[in-house]
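Let me begin by presenting the structure, written as structure tokens, before commenting on it.
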Amino acid sequence: MLAGRISLNSSYDMVNVGRRQVGSTVKTYLYTLAMEEGMCLVIKQYCNRFTLIDGNGKPWTPKNVSNKDKIGQPVSLRWGLANSNNWISDI
């Protein structure tokens with residue numbers, strides 16, 4: 001038996017009202033594409049913050065919820081996926 005109940009008829013609008021980043025949702029697709037393009041989960045990338053400019057010229061920097069950030073350190077894609085880190089996804 002499930003401890004909680006999931007409602008499919010929620011009135012909360014995550015698209016227009018929600019403030020969560022979509023990083024964790026698209027991360028699996030990003031990592032799958034990276035592996036299809038030849039990236040290996042054990043190859044290390046540097047974990048650095050980065051900023052993108054949106055269509056309105058406004059800067060946006062992804063955030064991480066985890067306190068396991070390793071800024072400036074080389075980490076594997078496997079580590080990034082396991083720790084839901086958004087800063088090594090700019091491959």
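Every chain in the structure tokens takes a letter, A first, then B, and so on in the order presented; its residues are numbered from 1, and the ligands are numbered from 1 following the presented order.
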
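Excluding region 36-41 of chain A itself and same-chain residues fewer than 3 positions from it, the residues having an atom within 7 Å of it are A:Thr32, A:Leu33, A:Ser76, A:Leu77, A:Arg78, counting only C-alpha atoms.
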
Excluding Val65 (chain A) and residues on its chain fewer than 3 positions from it, collect all residues at most 10 Å away from it, counting only C-alpha atoms, and give them as a list in words.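 Counting only the stated atoms, we get Lys68, Asp69, Asn83, Ser84, Asn85 and Asn86 of chain A.
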
Convert the current residue selection to file output with all heavy atoms, as a CSV table (one decimal), in the first residue's frame.
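Listed below is the output, result_17.csv:
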chain,number,residue,atom,x,y,z
A,68,LYS,N,26.2,18.9,-2.2
A,68,LYS,CA,27.4,18.1,-2.7
A,68,LYS,C,28.1,18.7,-3.8
A,68,LYS,O,28.6,18.0,-4.7
A,68,LYS,CB,26.9,16.7,-3.0
A,68,LYS,CG,26.3,15.9,-1.9
A,68,LYS,CD,25.8,14.5,-2.3
A,68,LYS,CE,25.2,13.8,-1.2
A,68,LYS,NZ,24.6,12.5,-1.6
A,69,ASP,N,28.0,20.0,-3.9
A,69,ASP,CA,28.6,20.7,-5.1
A,69,ASP,C,30.2,20.6,-4.9
A,69,ASP,O,30.7,20.8,-3.9
A,69,ASP,CB,28.2,22.2,-5.1
A,69,ASP,CG,26.7,22.3,-5.4
A,69,ASP,OD1,26.2,21.4,-6.1
A,69,ASP,OD2,26.1,23.2,-4.9
A,83,ASN,N,24.0,12.6,-8.4
A,83,ASN,CA,23.8,13.7,-7.4
A,83,ASN,C,22.9,14.9,-8.0
A,83,ASN,O,22.8,15.9,-7.4
A,83,ASN,CB,25.1,14.3,-7.0
A,83,ASN,CG,25.9,13.3,-6.1
A,83,ASN,OD1,25.6,13.2,-5.0
A,83,ASN,ND2,26.8,12.6,-6.7
A,84,SER,N,22.3,14.6,-9.1
A,84,SER,CA,21.4,15.6,-9.8
A,84,SER,C,22.1,17.0,-9.9
A,84,SER,O,21.5,18.0,-9.6
A,84,SER,CB,20.1,15.7,-9.0
A,84,SER,OG,19.1,16.4,-9.8
A,85,ASN,N,23.3,17.0,-10.3
A,85,ASN,CA,24.1,18.3,-10.4
A,85,ASN,C,23.8,18.9,-11.7
A,85,ASN,O,23.9,18.3,-12.7
A,85,ASN,CB,25.6,18.0,-10.2
A,85,ASN,CG,26.4,19.3,-10.1
A,85,ASN,OD1,26.6,19.9,-11.2
A,85,ASN,ND2,26.8,19.7,-9.0
A,86,ASN,N,23.5,20.2,-11.7
A,86,ASN,CA,23.1,20.9,-12.9
A,86,ASN,C,24.3,21.6,-13.5
A,86,ASN,O,24.2,22.2,-14.6
A,86,ASN,CB,22.0,21.9,-12.6
A,86,ASN,CG,20.8,21.3,-12.2
A,86,ASN,OD1,20.3,20.4,-12.9
A,86,ASN,ND2,20.2,21.7,-11.1

Find the residues near Ser24 (chain A): any atom within 12 Å, counting only C-alpha atoms, skip ones fewer than 4 places away on the same chain, and give them as a JSON list (two decimals) with C-alpha atoms, in the first residue's frame.
[["chain", "number", "residue", "atom", "x", "y", "z"],
["A", 20, "ARG", "CA", 11.10, 24.70, -9.78],
["A", 28, "THR", "CA", 17.95, 11.92, -18.23],
["A", 29, "TYR", "CA", 17.42, 12.92, -21.86],
["A", 30, "LEU", "CA", 20.54, 15.09, -21.85],
["A", 31, "TYR", "CA", 22.71, 12.31, -20.44],
["A", 62, "PRO", "CA", 21.11, 26.96, -12.92],
["A", 63, "LYS", "CA", 21.09, 26.15, -9.22],
["A", 64, "ASN", "CA", 21.71, 22.93, -7.35],
["A", 65, "VAL", "CA", 19.59, 21.77, -4.44],
["A", 80, "GLY", "CA", 26.60, 14.36, -11.87],
["A", 81, "LEU", "CA", 23.60, 12.22, -12.68],
["A", 82, "ALA", "CA", 23.62, 10.41, -9.31],
["A", 83, "ASN", "CA", 23.79, 13.73, -7.44],
["A", 84, "SER", "CA", 21.44, 15.62, -9.79],
["A", 85, "ASN", "CA", 24.08, 18.27, -10.35],
["A", 86, "ASN", "CA", 23.14, 20.92, -12.90],
["A", 87, "TRP", "CA", 26.58, 22.45, -13.40],
["A", 89, "SER", "CA", 25.37, 19.54, -17.83]]

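Remark: for Gly72 (chain A), the closest of the candidate residues A:Lys58, A:Arg49, A:Lys27, A:Lys44 is A:Arg49 (distances computed over only C-alpha atoms).
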
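Distances from A:Met35, A:Cys47, A:Val42, A:Val26 to Pro74 (chain A) were compared using only C-alpha atoms, and the smallest one belongs to A:Cys47.
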
Enter the distance from CA of Thr61 (chain A) to CA of Asn48 (chain A), in Å, rounded to one decimal.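 Taking CA of Thr61 (chain A) and CA of Asn48 (chain A), their separation equals 10.9 Å.
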
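Straight-line separation from CA of Val75 (chain A) to CA of Ile88 (chain A): 8.1 Å.
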
For a test of reading the model, state the distance in Å between CA of Phe50 (chain A) and CA of Gln73 (chain A), rounded to one decimal.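 Interatomic distance, CA of Phe50 (chain A) to CA of Gln73 (chain A): 14.2 Å.
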